[in-house]
Structure formats: structure tokens, C-alpha cells
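Participant: Got a structure for you, questions after.
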Amino acid sequence: MRLGDVRPLPLPVEAAHFQGSVLSDSAGKFLGKKQVLPAHFGLRDFPFPQFEVRFCHCVLEGGQQSRWWVCERQAVMVWTRAWRRWQRWACVGGAVVVAAWLLLAAPCALLACPPQESNEAPLDQPHQEKDALRLLCASLSLVPTGRQQEVQGSPQLGEVGPYKVVYEWLPSAHTFTINESVTYSTHTTPEMINHIGELASRWSGPISVAVFVPHSDFCLAAARIAHLRACGHPAVRERVAWHLFWPQDAPPAIDWHLAVDEDNDCTDRTTSVRGFRATEGLPYPVNVGRNVARSAAPTWFILPSDVELYPSQGLAEQFLAMVQQEGWQMAAMWPRVFVVPVFEVATLVPANKEELIRQYFRHEAVYFHRHVCPHCQRFPALAQWVHQLGVPGTLQVFSVVKREFPFHRWEPIYICTKEEPLYDERLSWEGLQDKMTQMHELCLREYNLAILDRAFLVHSPGIKRKKTSKAKSEAWREPFVAKNSKIYDLIMDEMHKKFGPSEKCRRH
């Protein structure tokens with residue numbers, strides 16, 4: 001019977017009636033909670049299996065001639081046998097849990113020694129990290145570098161800018177001439193310095209590294225550089241030159257003229273030390289590092305790249321051989337840069353294009369940021385590039401393109417010279433789009449981008465994918481992104497005034 005149903009009863013009303021939620025006959029006899037009423041009453045089992053009770057009352061119309069039942073519903077708790085059975089099992093389960101705790105946990109708690117009272121308040125995590133850095137600075141065995149370097153301003157902002165630079169803080173053992181090779185220039189924080197060892201084992205030319213060392217990060221960087229030079233790949237000492245840069249308001253905590261004594265003790269005591277920048281939340285001026293490392297390169301050709309990107313085997317030698325053989329054709333492409341495609345792999349870093357393509361078609365390699373930022377590193381004619389292997393041991397130009405729509409958001413990594421535009425030092429790594437303005441300027445200057453056929457870079461193993469909780473995980477970036485966006489708009493306005501409007505070079 002539905003709510004509000006009204007049905008005539010063929011039997012006298014006195015046959016049964018409700019008293020509260022208990023069903024009884026006219027004599028007061030209890031019918032029971034599971035008693036089924038006669039069908040002609042139009043009611044179902046009582047109580048109902050749902051959590052409800054129906055309340056009925058009699059309506060008289062026209063004296064005693066017309067009698068009706070009027071039934072309604074009310075949501076209440078019905079105590080059925082199933083409900084009572086569930087209660088019994090819940091009580092039994094609770095008793096078992098309590099008994100287990102009394103037998104196992106309680107004796108341990110009673111027998112354990114109480115903690116020693118301390119007069120000092122416990123240090124929180126940031127204070128512990130700062131103390132670890134201070135202890136590291138105090139315990140280093142330092143020696144003079146033997147060089148008289150000068151503090152300079154950054155390459156783009158100069159002396160009026162907020163950053164200071166020391167070039168050739170620790171030079172490489174080998175001195176390179178301008179046309180001897182290609183310089184791999186990169187930048188890093190102390191946390192990422194260990195990648196330099198892998199780079200040095202794969203790159204035959206000089207490596208120029210700019211290290212960000214605010215305050216006590218200098219101590220951490222100095223210790224890790226010394227460890228890498230003493231115990232890492234021999235090419236680190238032979239071919240890597242180290243440069244320092246820091247914010248003007250956070251200079252090195254100790255005298256930067258000193259370096260850590262390389263005593264061949266290969267015990268790394270800095271693995272658990274967290275850096276000053278990470279602890280304080282300082283933004284990373286990534287483009288200052290890029291410009292410093294590129295400016296310090298000893299050779300004419302330079303590959304400005306990131307510290308986690310490993311080059312294909314023989315890239316430097318093969319590139320120089322190509323330039324020497326086809327130099328006259330290269331001049332016809334002026335102005336130009338030579339694009340090195342970037343990929344990421346699941347586990348193994350390939351040495352040559354054949355190995356890379358095998359992984360690519362097994363879905364163990366993808367172009368860089370394929371799942372995170374598809375437009376950032378997808379280059380024109382990628383589908384053709386992966387099917388044309390080229391000649392092993394050589395390099396050729398695969399194609400020459402412009403950075404124009406629909407590739408106006410492409411951020412390629414390329415071999416260039418010191419004559420190309422610098423990266424804008426007002427942008428931070430945390431704020432994203434740190435290379436977009438430099439690439440926009442290349443477009444406005446009508447640069448040709450020559451994509452190499454067999455050269456490539458591979459990110460350290462692991463294919464990046466978007467996080468399901470990206471909004472929460474990336475929330476810390478929002479202030480930096482907002483600041484970079486304002487600076488980006490300002491730079492675009494400056495370029496518009498300098499070069500004029502361009503339909504081909506779109507803003508992004």
C-alpha cells in the first residue's frame with residue numbers, strides 16, 4: 001500500500017487496529033512482529049524489512065456505513081532478527097579486538113621504558129636541516145683554490161642585477177681550444193650534481209657547469225664536487241669546469257675562495273643533507289645558470305642543455321665532422337641553430353639511434369614530455385625522423401624548419417654559438433615557460449632550425465606522466481607561475497617594440 005492510499009475494508013473495523021507501532025486485534029491480543037495480516041486488510045508483513053513503519057487509522061463517513069483505512073509511512077528503526085544478529089556479531093568482534101589489545105599491546109606499553117624528560121624543546125624539521133648544513137660547513141677540510149677569481153654580475157642583467165657570478169671556480173684539467181670540440185653547458189643545484197658524472201662519461205668535449213650556491217648550499221656543492229672529482233669518472237676532473245652563482249642577498253656561507261680538499265676519501269657524508277634553497281623555498285634562477293655556463297664555454301660551438309639530459313654516443317665528434325665537410329652549405333642557412341631531439345626512456349639509456357628506435361616502437365621511449373607537455377618537445381616531421389636511421393657514425397641535417405605555428409610553443413634544445421640571444425634572467429624555473437621568450441626572439445630574428453638526423457638527448461630513465469592529483473601537487477607553483485606570467489608579458493611587449501609585430505611568430 002503506498003503513502004496516502006485509502007481502501008475500503010470489507011470486514012468490520014473492530015477486527016484489528018494499530019496502537020502505536022504494535023499490531024493487535026480488537027481484544028488486545030498481540031499479533032507479533034512477523035505476523036502476516038489477512039490479505040483483505042491490504043497490508044503487508046509487519047514489521048517491514050525496510051526501515052519504516054506504517055501507521056493506519058480509521059476514517060468514518062456517513063455514520064457507520066462507510067469505513068476506510070488511511071495508512072501513512074514514517075522512517076524509524078525497525079529491530080529485526082537480522083539487525084539483532086548483526087549486533088551480536090559486532091559485540092563479539094569488538095570483544096575479540098579488546099582482548100587482543102589486552103594480551104599484546106597493553107603489556108608492551110606497560111613494560112616499555114618511559115621517555116627521558118628533556119629541558120630543551122624538540123627541534124622542528126627546518127631547524128634540523130639548517131643545523132645539518134651548518135655542521136657540514138664547519139666540518140669541511142678546505143684548501144685555497146690557488147686562483148684569483150673576481151665576482152662579476154650575471155651575463156644578461158650585469159652588475160645591477162641581483163646575482164653574482166664566479167667563473168672558473170674549479171677549472172678542468174684539460175684546456176680546450178676554440179675549434180677542438182663542442183662544449184656541453186649546463187646548470188645545476190647541489191642536489192643534482194651527481195648527474196655530471198654520467199654526462200662526463202658520455203661527452204668527449206668540455207663540460208661547463210654553473211652551480212647555484214646560496215648561503216650554505218656552497219658547502220654542500222663544494223663537498224659533492226670534491227667527492228665527484230676524487231671518486232667519480234676520471235673525465236669529471238679532466239673535462240668539467242665549475243662556475244658559481246648566487247643571489248646578492250644570500251652569498252656563500254664561507255669563503256668561496258676555498259675548495260674542499262680532495263683526499264680520496266670516497267665516503268659521501270652529504271646524502272642526507274637537504275640544501276638551503278630547498279629548505280628556504282628560494283626560486284631557482286635557471287636562466288642565469290644557462291647564461292653563465294654558456295658564456296664560460298671554451299669552444300665556438302656549444303650545446304646548452306639540462307643536467308639530466310644525456311647525449312647520444314659520439315655527438316660532439318660527429319657534429320664537428322659534419323660542419324667541416326659541409327661548412328659552405330651551413331653558411332647558406334644563416335642565422336641557424338642545430339636542433340638535437342630529446343626523448344625519455346623507461347629504463348635503459350640508448351647509445352645510438354638504432355637502440356633508441358627499437359625502444360620507441362616497443363613503447364619504451366617517447367619524445368620528451370610526451371605525457372606532460374606534448375607541444376614542448378614534439379618537433380616537425382617526428383614520424384619521418386623515427387623511420388629514417390641515417391648513416392651510422394655520421395650526422396646530417398634531417399630538415400630545416402622555422403619555429404612558427406603550429407610549433408610556436410616548441411622549446412627545442414640546440415647546438416649554437418655565443419652569438420645567439422641569451423635566456424631572460426628574470427624568469428624562474430618554478431614559474432615555467434623559462435625558455436619561451438628566447439625561442440620567440442629566435443622566431444622574430446627569422447632563425448633556421450636545422451634538425452639533426454641521428455643526434456639525440458635522453459632524459460635520465462623514467463617516463464614522466466601527469467599526476468592524478470596535479471592540482472594539489474602543483475599548488476606550490478602558483479605564486480611563481482603568476483610572477484613569470486607578468487614578466488613574460490613584459491618581455492613580449494619589449495620584443496614587440498624592438499622587432500615590430502609578426503603574424504608568423506605567435507605569442508603563447
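Numbering starts fresh at 1 for the residues of each chain in the C-alpha cells, the chains themselves are lettered A, B, ... in the order given, and ligands are numbered from 1 as they appear.
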Taking 3 positions as the minimum chain separation for residues in the same chain, which residues sit within 6 Å of region 238-241 of chain A when counting only C-alpha atoms? Answer as a compact mmCIF listing (two decimals) with N, CA and C atoms, in the first residue's frame.

Facilitator:
```txt
# COMPACT_ATOMS: atom_id res chain seq x y z
N LEU A 170 86.53 26.11 -10.24
CA LEU A 170 87.42 24.96 -10.39
C LEU A 170 87.49 24.63 -11.88
N PRO A 171 88.62 24.89 -12.53
CA PRO A 171 88.72 24.63 -13.98
C PRO A 171 88.96 23.14 -14.26
N SER A 172 88.78 22.77 -15.50
CA SER A 172 89.08 21.40 -15.92
C SER A 172 90.59 21.23 -16.05
N ALA A 173 91.05 20.00 -15.91
CA ALA A 173 92.49 19.75 -16.04
C ALA A 173 92.98 19.95 -17.46
N HIS A 174 92.11 19.61 -18.42
CA HIS A 174 92.48 19.78 -19.83
C HIS A 174 92.00 21.12 -20.34
N PRO A 206 84.53 19.42 -23.70
CA PRO A 206 84.47 20.10 -22.40
C PRO A 206 83.04 20.23 -21.90
N ILE A 207 82.90 20.27 -20.59
CA ILE A 207 81.59 20.46 -19.95
C ILE A 207 81.69 21.66 -19.04
N SER A 208 80.80 22.62 -19.24
CA SER A 208 80.77 23.85 -18.46
C SER A 208 79.54 23.82 -17.56
N ALA A 235 86.83 11.53 -16.22
CA ALA A 235 86.54 12.66 -17.11
C ALA A 235 86.02 13.87 -16.35
```

Participant: Residues at most 9 Å from Arg507 (chain A), counting only C-alpha atoms, excluding those fewer than 2 positions away in the same chain, as a ChimeraX atom specification?

Facilitator: /A:408-409,440,492,505

Participant: I need the chosen residues saved as a JSON list (two decimals), in the first residue's frame, with all heavy atoms.

Facilitator:
```
[["chain", "number", "residue", "atom", "x", "y", "z"],
["A", 408, "HIS", "N", 54.68, 26.95, -32.51],
["A", 408, "HIS", "CA", 55.09, 28.20, -31.87],
["A", 408, "HIS", "C", 55.28, 28.05, -30.37],
["A", 408, "HIS", "O", 55.71, 29.01, -29.72],
["A", 408, "HIS", "CB", 54.04, 29.28, -32.15],
["A", 408, "HIS", "CG", 52.69, 28.97, -31.63],
["A", 408, "HIS", "ND1", 51.92, 27.93, -32.11],
["A", 408, "HIS", "CD2", 51.94, 29.56, -30.65],
["A", 408, "HIS", "CE1", 50.78, 27.89, -31.46],
["A", 408, "HIS", "NE2", 50.76, 28.85, -30.55],
["A", 409, "ARG", "N", 54.99, 26.86, -29.81],
["A", 409, "ARG", "CA", 55.25, 26.62, -28.38],
["A", 409, "ARG", "C", 56.36, 25.59, -28.17],
["A", 409, "ARG", "O", 56.56, 25.09, -27.07],
["A", 409, "ARG", "CB", 53.96, 26.16, -27.70],
["A", 409, "ARG", "CG", 52.82, 27.14, -27.83],
["A", 409, "ARG", "CD", 51.57, 26.65, -27.16],
["A", 409, "ARG", "NE", 51.70, 26.63, -25.71],
["A", 409, "ARG", "CZ", 50.80, 26.12, -24.88],
["A", 409, "ARG", "NH1", 49.70, 25.57, -25.36],
["A", 409, "ARG", "NH2", 50.99, 26.13, -23.58],
["A", 440, "HIS", "N", 60.99, 32.72, -28.82],
["A", 440, "HIS", "CA", 60.20, 33.71, -29.55],
["A", 440, "HIS", "C", 61.12, 34.72, -30.24],
["A", 440, "HIS", "O", 60.85, 35.12, -31.38],
["A", 440, "HIS", "CB", 59.26, 34.42, -28.58],
["A", 440, "HIS", "CG", 58.29, 35.34, -29.25],
["A", 440, "HIS", "ND1", 57.23, 34.89, -30.00],
["A", 440, "HIS", "CD2", 58.23, 36.71, -29.31],
["A", 440, "HIS", "CE1", 56.54, 35.92, -30.47],
["A", 440, "HIS", "NE2", 57.14, 37.04, -30.07],
["A", 492, "MET", "N", 57.39, 40.21, -23.80],
["A", 492, "MET", "CA", 56.73, 40.23, -25.11],
["A", 492, "MET", "C", 56.50, 41.65, -25.59],
["A", 492, "MET", "O", 56.68, 41.95, -26.78],
["A", 492, "MET", "CB", 55.40, 39.48, -25.02],
["A", 492, "MET", "CG", 55.51, 37.97, -24.84],
["A", 492, "MET", "SD", 56.22, 37.11, -26.27],
["A", 492, "MET", "CE", 57.85, 36.74, -25.61],
["A", 505, "CYS", "N", 55.11, 34.69, -35.90],
["A", 505, "CYS", "CA", 55.62, 34.37, -34.55],
["A", 505, "CYS", "C", 54.55, 34.71, -33.52],
["A", 505, "CYS", "O", 54.48, 35.86, -33.05],
["A", 505, "CYS", "CB", 56.91, 35.12, -34.27],
["A", 505, "CYS", "SG", 58.21, 34.82, -35.50]]
```

Participant: I'd like the neighbourhood of Leu422 (chain A) as a PDB file with N, CA and C atoms, in the first residue's frame, where a residue qualifies if any of its atoms comes within 10 Å (using only C-alpha atoms), though same-chain residues fewer than 2 positions away should be ignored.

Facilitator:
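Output file around_11.pdb is given in full below:
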```pdb
ATOM      1  N   PRO A 155      75.410  37.409 -16.836  1.00  0.00           N
ATOM      2  CA  PRO A 155      75.622  37.784 -18.239  1.00  0.00           C
ATOM      3  C   PRO A 155      74.599  38.757 -18.812  1.00  0.00           C
ATOM      4  N   GLN A 156      73.329  38.613 -18.457  1.00  0.00           N
ATOM      5  CA  GLN A 156      72.323  39.492 -19.048  1.00  0.00           C
ATOM      6  C   GLN A 156      72.048  40.731 -18.193  1.00  0.00           C
ATOM      7  N   ASN A 287      67.715  30.555 -15.803  1.00  0.00           N
ATOM      8  CA  ASN A 287      68.315  31.191 -16.974  1.00  0.00           C
ATOM      9  C   ASN A 287      69.630  31.893 -16.661  1.00  0.00           C
ATOM     10  N   VAL A 288      69.824  32.278 -15.406  1.00  0.00           N
ATOM     11  CA  VAL A 288      71.147  32.778 -15.007  1.00  0.00           C
ATOM     12  C   VAL A 288      72.165  31.651 -15.151  1.00  0.00           C
ATOM     13  N   ARG A 290      71.947  29.002 -17.092  1.00  0.00           N
ATOM     14  CA  ARG A 290      72.154  28.705 -18.519  1.00  0.00           C
ATOM     15  C   ARG A 290      73.125  29.700 -19.147  1.00  0.00           C
ATOM     16  N   ASN A 291      72.923  30.975 -18.851  1.00  0.00           N
ATOM     17  CA  ASN A 291      73.768  32.002 -19.454  1.00  0.00           C
ATOM     18  C   ASN A 291      75.198  31.945 -18.938  1.00  0.00           C
ATOM     19  N   VAL A 292      75.364  31.677 -17.641  1.00  0.00           N
ATOM     20  CA  VAL A 292      76.721  31.598 -17.069  1.00  0.00           C
ATOM     21  C   VAL A 292      77.494  30.445 -17.697  1.00  0.00           C
ATOM     22  N   ARG A 294      76.977  28.883 -20.534  1.00  0.00           N
ATOM     23  CA  ARG A 294      77.226  29.104 -21.966  1.00  0.00           C
ATOM     24  C   ARG A 294      78.314  30.142 -22.183  1.00  0.00           C
ATOM     25  N   SER A 295      78.283  31.212 -21.389  1.00  0.00           N
ATOM     26  CA  SER A 295      79.283  32.277 -21.540  1.00  0.00           C
ATOM     27  C   SER A 295      80.690  31.789 -21.219  1.00  0.00           C
ATOM     28  N   LYS A 418      77.954  31.595 -29.085  1.00  0.00           N
ATOM     29  CA  LYS A 418      77.710  32.650 -28.103  1.00  0.00           C
ATOM     30  C   LYS A 418      77.013  33.867 -28.716  1.00  0.00           C
ATOM     31  N   GLU A 419      76.805  33.848 -30.030  1.00  0.00           N
ATOM     32  CA  GLU A 419      76.172  34.982 -30.687  1.00  0.00           C
ATOM     33  C   GLU A 419      74.646  34.930 -30.613  1.00  0.00           C
ATOM     34  N   GLU A 420      74.090  33.794 -30.240  1.00  0.00           N
ATOM     35  CA  GLU A 420      72.638  33.693 -30.134  1.00  0.00           C
ATOM     36  C   GLU A 420      72.132  34.456 -28.912  1.00  0.00           C
ATOM     37  N   ASP A 424      66.356  34.945 -20.799  1.00  0.00           N
ATOM     38  CA  ASP A 424      65.986  36.061 -19.927  1.00  0.00           C
ATOM     39  C   ASP A 424      66.111  35.655 -18.464  1.00  0.00           C
ATOM     40  N   GLU A 425      66.936  36.382 -17.734  1.00  0.00           N
ATOM     41  CA  GLU A 425      67.282  36.011 -16.359  1.00  0.00           C
ATOM     42  C   GLU A 425      66.241  36.420 -15.327  1.00  0.00           C
ATOM     43  N   LYS A 435      62.047  29.176 -21.170  1.00  0.00           N
ATOM     44  CA  LYS A 435      62.756  29.270 -22.448  1.00  0.00           C
ATOM     45  C   LYS A 435      61.898  29.856 -23.568  1.00  0.00           C
ATOM     46  N   THR A 437      60.551  32.812 -24.119  1.00  0.00           N
ATOM     47  CA  THR A 437      60.868  34.149 -24.637  1.00  0.00           C
ATOM     48  C   THR A 437      62.097  34.120 -25.545  1.00  0.00           C
ATOM     49  N   GLN A 438      63.085  33.319 -25.183  1.00  0.00           N
ATOM     50  CA  GLN A 438      64.269  33.216 -26.031  1.00  0.00           C
ATOM     51  C   GLN A 438      63.927  32.597 -27.376  1.00  0.00           C
ATOM     52  N   GLU A 441      62.188  35.077 -29.571  1.00  0.00           N
ATOM     53  CA  GLU A 441      63.133  36.006 -30.204  1.00  0.00           C
ATOM     54  C   GLU A 441      63.816  35.371 -31.408  1.00  0.00           C
TER      55      GLU A 441
END
```

Participant: Determine which residues of region 164-392 of chain A DSSP labels as helix (DSSP H, G or I) from the backbone of this structure, then write them out as a ChimeraX atom specification.

Facilitator: /A:190-192,195-202,217-231,234-239,276-280,286-295,315-325,327-332,353-361,374-377,382-385

Participant: Atoms to include: C-alpha atoms. Write the selected residues as a CSV table (one decimal), in the first residue's frame.

Facilitator:
```
chain,number,residue,atom,x,y,z
A,190,PRO,CA,73.8,20.8,-5.3
A,191,GLU,CA,71.1,18.1,-5.3
A,192,MET,CA,71.7,17.3,-8.9
A,195,HIS,CA,74.4,13.7,-12.9
A,196,ILE,CA,77.6,15.4,-14.0
A,197,GLY,CA,79.4,12.1,-13.6
A,198,GLU,CA,77.1,10.4,-16.1
A,199,LEU,CA,77.4,13.3,-18.5
A,200,ALA,CA,81.2,13.3,-18.4
A,201,SER,CA,81.3,9.5,-19.2
A,202,ARG,CA,79.2,10.2,-22.4
A,217,ASP,CA,74.5,25.5,-0.4
A,218,PHE,CA,78.1,26.4,-1.2
A,219,CYS,CA,79.3,23.9,1.4
A,220,LEU,CA,77.0,21.2,0.1
A,221,ALA,CA,78.1,21.8,-3.5
A,222,ALA,CA,81.8,22.0,-2.6
A,223,ALA,CA,81.6,18.7,-0.8
A,224,ARG,CA,79.8,16.9,-3.6
A,225,ILE,CA,82.1,18.4,-6.3
A,226,ALA,CA,85.1,17.2,-4.4
A,227,HIS,CA,83.7,13.8,-4.0
A,228,LEU,CA,82.8,13.5,-7.7
A,229,ARG,CA,86.3,14.7,-8.7
A,230,ALA,CA,88.1,12.3,-6.4
A,231,CYS,CA,85.9,9.2,-6.7
A,234,PRO,CA,88.1,10.4,-14.4
A,235,ALA,CA,86.5,12.7,-17.1
A,236,VAL,CA,85.0,14.8,-14.4
A,237,ARG,CA,88.4,16.1,-13.3
A,238,GLU,CA,89.7,16.1,-16.9
A,239,ARG,CA,86.9,17.9,-18.8
A,276,PHE,CA,69.5,25.7,1.8
A,277,ARG,CA,67.5,26.7,-1.3
A,278,ALA,CA,65.0,23.8,-0.9
A,279,THR,CA,64.7,24.5,2.9
A,280,GLU,CA,64.1,28.2,2.4
A,286,VAL,CA,67.5,28.8,-14.2
A,287,ASN,CA,68.3,31.2,-17.0
A,288,VAL,CA,71.1,32.8,-15.0
A,289,GLY,CA,72.7,29.3,-14.8
A,290,ARG,CA,72.2,28.7,-18.5
A,291,ASN,CA,73.8,32.0,-19.5
A,292,VAL,CA,76.7,31.6,-17.1
A,293,ALA,CA,77.6,28.1,-18.3
A,294,ARG,CA,77.2,29.1,-22.0
A,295,SER,CA,79.3,32.3,-21.5
A,315,LEU,CA,77.7,13.5,-30.8
A,316,ALA,CA,80.4,16.1,-30.5
A,317,GLU,CA,82.9,14.5,-32.9
A,318,GLN,CA,80.2,13.7,-35.5
A,319,PHE,CA,78.9,17.2,-35.4
A,320,LEU,CA,82.3,18.8,-36.0
A,321,ALA,CA,83.0,16.4,-38.8
A,322,MET,CA,79.7,17.4,-40.4
A,323,VAL,CA,80.5,21.1,-40.1
A,324,GLN,CA,84.0,20.7,-41.6
A,325,GLN,CA,82.6,18.7,-44.6
A,327,GLY,CA,80.6,24.3,-43.9
A,328,TRP,CA,79.7,26.1,-47.1
A,329,GLN,CA,76.2,24.8,-47.0
A,330,MET,CA,75.8,25.7,-43.4
A,331,ALA,CA,76.6,29.3,-44.2
A,332,ALA,CA,73.6,29.4,-46.5
A,353,LYS,CA,69.7,5.9,-32.9
A,354,GLU,CA,69.1,2.2,-33.7
A,355,GLU,CA,68.8,1.4,-30.0
A,356,LEU,CA,66.5,4.4,-29.4
A,357,ILE,CA,64.2,3.5,-32.3
A,358,ARG,CA,63.8,-0.1,-31.1
A,359,GLN,CA,62.7,1.2,-27.7
A,360,TYR,CA,60.5,3.8,-29.4
A,361,PHE,CA,58.5,1.2,-31.3
A,374,PRO,CA,53.1,17.5,-25.7
A,375,HIS,CA,53.8,20.8,-27.5
A,376,CYS,CA,57.1,21.4,-25.7
A,377,GLN,CA,59.4,18.9,-27.4
A,382,LEU,CA,58.8,13.4,-35.9
A,383,ALA,CA,57.1,10.5,-37.6
A,384,GLN,CA,59.5,10.6,-40.5
A,385,TRP,CA,62.5,11.2,-38.2
```

Participant: When distances are computed from only C-alpha atoms, which of A:Ser312, A:Ser141, A:Thr271, A:Asn194 shows the smallest separation from His459 (chain A)?

Facilitator: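 Comparing A:Ser312, A:Ser141, A:Thr271, A:Asn194 against His459 (chain A), the winner is A:Ser312.
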